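Below you'll find the structure, written out as structure tokens, and then a few comments.
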Amino acid sequence: MLCRPMSEVNNLTAVRLEKRTALLGRGVPAYGAAFPVTGDVGEVRAGFVEGGKVTMAGRVTARRDMGKSHFLDLSDHSGRMQVYLQDKALGEEVVAVYGLLDIGDFVGVEGECFTTKTGEPSIKAEKFVFLGKSLHPLPEKWHGLQDVEARHRQRYLDLIANEHARNIFRQRFAIIREIRAFFEERGFLEVETPMMQAVAGGAAATPFETHHNALGMDLFLRIAPELYLKRLLVGGFTKVFELNRNFRNEGVSRRHNPEFTMLEAYWAYADFDMMATLVEELVCRVAQKVCGGLKIEHNDQEGMVRRTIDLSRPWRRAKYRDLVEEAEPGWFARDVSGRRNRALELGLDISHCVEDYEVTQHVFEKLVEEKTIDPCFVIHCPKELVPLAKTNPEDPSSLDVFELIINGQEIAPGYSELNDPVVQRERLVEQSGGEQHKIDEEFLHALEYGMPPAGGMGMGIDRLVMLLTGAESIREVILFPHLKPRAEA
RNA sequence: GGGUUGGUAGCUCAAUGGUAGAGCAGCGCCCUUUUAAGGCGUUGGUUGUGGGUUCGAGUCCCACCCGACCCA
């Protein structure tokens with residue numbers, strides 16, 4: 001029932017169209033022009049002074065008519081304010097216009113602040129104008145908009161009807177603002193690098209493809225900004241970050257949207273350990289500012305606390321091997337087939353695991369990652385898992401990297417970035433599986449000029465927002481998540 | 001891709017295989033301090049789409065569309 005053509009309007013819309021026509025027939029603009037206001041609805045409420053004059057506009061979200069006096073609720077993102085209208089005060093002509101009002105219309109009022117006998121701060125309207133007629137009824141006033149599909153397809157209705165949704169997005173954009181402030185304070189430069197790339201590098205994922213007509217070349221939407229940010233280290237920048245969209249042409253799920261927001265930061269002369277501290281400080285600052293503390297509570301639908309995540313520092317740092325050994329003692333003492341058998345005994349599905357390290361990784365995911373709720377930096381992961389990091393000088397089978405786990409999920413990886421162009425080329429060739437066109441030669445060429453040692457980190461912002469708001473699905477934290485179009489829409 | 005599950009009025013939800021209903025919204029009337037205002041009356045449906053079974057299908061079966069959850 002979405003986006004129906006005007007020819008298929010139902011009765012409710014037809015009635016509203018008639019009211020629109022009636023307004024215009026009376027010479028009353030149904031879609032008014034500029035209407036300078038004292039402030040947003042919430043600001044007017046906050047600045048309420050008995051007897052004070054205010055001008056306010058908003059959407060009518062409730063009306064209570066009582067013969068010759070009327071109460072309206074005007075709302076916007078910031079809140080709700082009651083307006084009181086008296087027929088006697090408005091005059092015959094405005095009363096007739098008021099009769100053409102529907103819930104959902106935008107109106108403007110001017111009047112005096114007063115408190116009703118029930119104690120409700122209100123505006124006694126002296127002036128009443130239409131600013132925007134609504135042709136469709138709003139979702140039900142008490143239950144709001146419940147239908148998940150409609151909430152995502154028509155997010156504007158979700159935002160009108162559901163305060164919870166408004167709060168999540170307010171928090172999302174506060175989080176992003178705080179991230180920028182954090183890096184700014186530490187002297188990092190926010191940069192922009194190409195979203196359209198000739199080679200989609202920096203991660204292992206299927207890219208979206210497009211074509212540049214004038215240049216006659218195929219391009220890919222980036223799957224990561226990493227290889228360009230490193231070019232900036234070559235160019236002499238020492239602290240850079242980018243906070244913007246990545247695109248991956250893969251499945252859509254509770255945790256995946258085809259376009260998602262990624263933070264990447266690179267810090268010359270630092271390493272993975274310094275980056276871990278940076279991430280720790282970043283997340284704590286954001287949580288402190290946006291959530292008001294370091295204990296993050298996730299609630300169930302009844303509002304009961306389902307889980308508490310404690311972000312208090314210092315966060316645990318533990319080696320990958322030690323965590324696996326802790327969860328499954330004796331794991332590394334077994335031989336390859338011993339590990340396979342033990343994984344099967346543990347009830348793990350390892351049928352698709354070819355390599356030994358994959359079996360271990362499966363044990364890690366099920367027995368460590370999924371059970372780690374409070375923050376933990378998993379350090380020195382096996383080198384098969386990460387192609388762009390430096391090997392640990394003390395243990396060549398592992399890397400100088402961390403993977404931050406919070407709430408059973410990977411939140412942020414960080415590396416001591418590989419800056420040896422010869423080793424980097426070997427790794428990329430290995431990763432490309434022999435497909436030359438998947439290797440970013442220009443990046444390797446840049447690296448050959450010399451890149452300083454550096455620490456790097458990445459963080460999926462959508463997942464961070466989920467973590468901090470308790471949202472169960474990525475669609476709850478993305479304003480307009482991708483959904484299949486409806487057949488008739 | 002596989003499994004489970006859902007789609008009924010504008011919205012929120014009902015309805016043993018047997019006349020598709022309620023609340024809100026809407027429409028009409030009453031009401032000058034209400035706030036899920038109230039009172040009386042009333043309109044509104046190709047039950048996601050297309051087939052099938054049946055005397056009879058919102059309900060059972062098949063296919064498809066669009067979601068949700070779990071798994072890969």
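Letters for chains follow the order of the structure tokens (A, B, ...), residue numbers begin at 1 for each chain, and ligand numbers begin at 1 in the order shown.
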Distance-based interface of chain B with chain A, 12 Å, counting only C-alpha atoms (C1' of nucleotides), as JSON, numbers by chain:
{"B": [1, 6, 7, 9, 10, 11, 12, 13, 23, 24, 25, 26, 27, 29, 30, 31, 32, 33, 34, 35, 36, 37, 38, 39, 43, 44, 45, 48, 49, 64, 65, 66, 67, 68, 69, 70, 71, 72]}
Applying 10 Å and only C-alpha atoms (C1' of nucleotides), which residues near B:C60 remain after dropping the ones on its own chain fewer than 4 positions away? List them as a ChimeraX atom specification.
/B:17,53-54
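Counting from atom CA of A:Asp310, the distance to atom CA of A:Ile373 is 8.2 Å.
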Within 12 Å of A:Glu472, counting only C-alpha atoms (C1' of nucleotides), which residues show up once you throw out same-chain ones fewer than 4 positions away? Write them as a ChimeraX atom specification, please.
/A:168,253-256,298-301,306,407,462-468,476-477 /B:69
Any idea what's packed within 8 Å of A:Leu311, counting only C-alpha atoms (C1' of nucleotides), ignoring anything in its chain fewer than 2 positions away? Could you give it as a PyMOL selection string?
chain A and resi 284+294-296+309+313+315+374-375
Could you turn the residues from that selection into a file that holds all heavy atoms, as a PDB file, in the first residue's frame?
```pdb
ATOM      1  N   CYS A 284      35.638   5.082  24.863  1.00  0.00           N
ATOM      2  CA  CYS A 284      35.236   5.550  26.188  1.00  0.00           C
ATOM      3  C   CYS A 284      34.754   6.994  26.156  1.00  0.00           C
ATOM      4  O   CYS A 284      33.772   7.346  26.791  1.00  0.00           O
ATOM      5  CB  CYS A 284      36.378   5.383  27.194  1.00  0.00           C
ATOM      6  SG  CYS A 284      36.632   3.660  27.644  1.00  0.00           S
ATOM      7  N   LEU A 294      30.000   4.543  31.291  1.00  0.00           N
ATOM      8  CA  LEU A 294      30.709   3.434  30.664  1.00  0.00           C
ATOM      9  C   LEU A 294      30.002   2.097  30.857  1.00  0.00           C
ATOM     10  O   LEU A 294      30.467   1.076  30.380  1.00  0.00           O
ATOM     11  CB  LEU A 294      32.136   3.353  31.220  1.00  0.00           C
ATOM     12  CG  LEU A 294      33.004   4.584  30.911  1.00  0.00           C
ATOM     13  CD1 LEU A 294      34.389   4.438  31.535  1.00  0.00           C
ATOM     14  CD2 LEU A 294      33.128   4.802  29.402  1.00  0.00           C
ATOM     15  N   LYS A 295      28.881   2.111  31.587  1.00  0.00           N
ATOM     16  CA  LYS A 295      28.087   0.893  31.716  1.00  0.00           C
ATOM     17  C   LYS A 295      26.937   0.996  30.698  1.00  0.00           C
ATOM     18  O   LYS A 295      26.041   1.818  30.860  1.00  0.00           O
ATOM     19  CB  LYS A 295      27.516   0.776  33.128  1.00  0.00           C
ATOM     20  CG  LYS A 295      28.570   0.728  34.227  1.00  0.00           C
ATOM     21  CD  LYS A 295      28.761  -0.679  34.740  1.00  0.00           C
ATOM     22  CE  LYS A 295      29.426  -0.701  36.115  1.00  0.00           C
ATOM     23  NZ  LYS A 295      30.822  -0.205  36.092  1.00  0.00           N
ATOM     24  N   ILE A 296      27.013   0.147  29.679  1.00  0.00           N
ATOM     25  CA  ILE A 296      26.015   0.222  28.613  1.00  0.00           C
ATOM     26  C   ILE A 296      24.984  -0.872  28.833  1.00  0.00           C
ATOM     27  O   ILE A 296      25.317  -2.056  28.854  1.00  0.00           O
ATOM     28  CB  ILE A 296      26.676   0.025  27.226  1.00  0.00           C
ATOM     29  CG1 ILE A 296      27.861   0.975  27.058  1.00  0.00           C
ATOM     30  CG2 ILE A 296      25.651   0.200  26.121  1.00  0.00           C
ATOM     31  CD1 ILE A 296      27.520   2.439  27.120  1.00  0.00           C
ATOM     32  N   ILE A 309      27.154  -4.029  29.483  1.00  0.00           N
ATOM     33  CA  ILE A 309      28.528  -4.071  28.977  1.00  0.00           C
ATOM     34  C   ILE A 309      29.323  -3.018  29.734  1.00  0.00           C
ATOM     35  O   ILE A 309      28.914  -1.857  29.796  1.00  0.00           O
ATOM     36  CB  ILE A 309      28.544  -3.775  27.461  1.00  0.00           C
ATOM     37  CG1 ILE A 309      27.737  -4.854  26.728  1.00  0.00           C
ATOM     38  CG2 ILE A 309      29.977  -3.717  26.939  1.00  0.00           C
ATOM     39  CD1 ILE A 309      27.297  -4.446  25.356  1.00  0.00           C
ATOM     40  N   ARG A 313      37.987   1.180  31.854  1.00  0.00           N
ATOM     41  CA  ARG A 313      39.367   0.864  31.499  1.00  0.00           C
ATOM     42  C   ARG A 313      40.125   0.376  32.734  1.00  0.00           C
ATOM     43  O   ARG A 313      39.710   0.665  33.852  1.00  0.00           O
ATOM     44  CB  ARG A 313      40.031   2.123  30.937  1.00  0.00           C
ATOM     45  CG  ARG A 313      39.351   2.636  29.696  1.00  0.00           C
ATOM     46  CD  ARG A 313      40.034   3.865  29.172  1.00  0.00           C
ATOM     47  NE  ARG A 313      41.381   3.540  28.692  1.00  0.00           N
ATOM     48  CZ  ARG A 313      42.296   4.448  28.381  1.00  0.00           C
ATOM     49  NH1 ARG A 313      42.028   5.730  28.518  1.00  0.00           N
ATOM     50  NH2 ARG A 313      43.482   4.084  27.958  1.00  0.00           N
ATOM     51  N   TRP A 315      41.112  -1.997  29.353  1.00  0.00           N
ATOM     52  CA  TRP A 315      40.514  -3.151  28.705  1.00  0.00           C
ATOM     53  C   TRP A 315      41.538  -4.277  28.644  1.00  0.00           C
ATOM     54  O   TRP A 315      42.738  -4.047  28.508  1.00  0.00           O
ATOM     55  CB  TRP A 315      40.060  -2.790  27.285  1.00  0.00           C
ATOM     56  CG  TRP A 315      38.923  -1.812  27.265  1.00  0.00           C
ATOM     57  CD1 TRP A 315      38.223  -1.341  28.337  1.00  0.00           C
ATOM     58  CD2 TRP A 315      38.363  -1.175  26.106  1.00  0.00           C
ATOM     59  NE1 TRP A 315      37.263  -0.451  27.930  1.00  0.00           N
ATOM     60  CE2 TRP A 315      37.321  -0.331  26.554  1.00  0.00           C
ATOM     61  CE3 TRP A 315      38.632  -1.241  24.738  1.00  0.00           C
ATOM     62  CZ2 TRP A 315      36.555   0.430  25.687  1.00  0.00           C
ATOM     63  CZ3 TRP A 315      37.872  -0.484  23.867  1.00  0.00           C
ATOM     64  CH2 TRP A 315      36.837   0.345  24.341  1.00  0.00           C
ATOM     65  N   ASP A 374      32.407  -7.863  27.698  1.00  0.00           N
ATOM     66  CA  ASP A 374      33.184  -6.651  27.986  1.00  0.00           C
ATOM     67  C   ASP A 374      34.359  -6.590  27.022  1.00  0.00           C
ATOM     68  O   ASP A 374      34.797  -7.615  26.496  1.00  0.00           O
ATOM     69  CB  ASP A 374      33.672  -6.676  29.443  1.00  0.00           C
ATOM     70  CG  ASP A 374      32.510  -6.531  30.426  1.00  0.00           C
ATOM     71  OD1 ASP A 374      31.431  -6.081  29.990  1.00  0.00           O
ATOM     72  OD2 ASP A 374      32.675  -6.880  31.604  1.00  0.00           O
ATOM     73  N   PRO A 375      34.883  -5.387  26.780  1.00  0.00           N
ATOM     74  CA  PRO A 375      35.907  -5.221  25.738  1.00  0.00           C
ATOM     75  C   PRO A 375      37.145  -6.084  25.960  1.00  0.00           C
ATOM     76  O   PRO A 375      37.611  -6.224  27.096  1.00  0.00           O
ATOM     77  CB  PRO A 375      36.278  -3.742  25.837  1.00  0.00           C
ATOM     78  CG  PRO A 375      35.146  -3.092  26.516  1.00  0.00           C
ATOM     79  CD  PRO A 375      34.544  -4.111  27.428  1.00  0.00           C
TER      80      PRO A 375
END
```
Identify, with DSSP run on backbone atoms, the residues in stretch 195-271 of chain A assigned to alpha helix (DSSP H), and express the list as JSON, numbers by chain.
{"A": [226, 227, 228, 229, 230, 231, 232, 233, 234]}
Residues near A:Gly79, anyone? I mean within 8 Å using only C-alpha atoms (C1' of nucleotides), not counting same-chain ones fewer than 2 positions away, as a count of residues only.
6
Skipping near chain neighbours, those fewer than 3 positions away, what residues fall within 8 Å of A:Arg475 using only C-alpha atoms (C1' of nucleotides), listed as a PyMOL selection string?
chain A and resi 152+254+257+478-481
Store the residues of this selection in a file with C-alpha atoms, as a compact mmCIF listing (two decimals), in the first residue's frame.
```txt
# COMPACT_ATOMS: atom_id res chain seq x y z
CA HIS A 152 12.24 1.03 7.34
CA ARG A 254 20.88 -8.16 10.69
CA ASN A 257 24.00 -3.37 4.86
CA ILE A 478 20.74 3.26 9.39
CA LEU A 479 18.16 5.87 8.41
CA PHE A 480 17.31 4.33 5.06
CA PRO A 481 18.49 0.70 4.98
```
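Taking atom CA of A:Glu430 and atom CA of A:Leu418 as the two end points, the separation is 15.0 Å.
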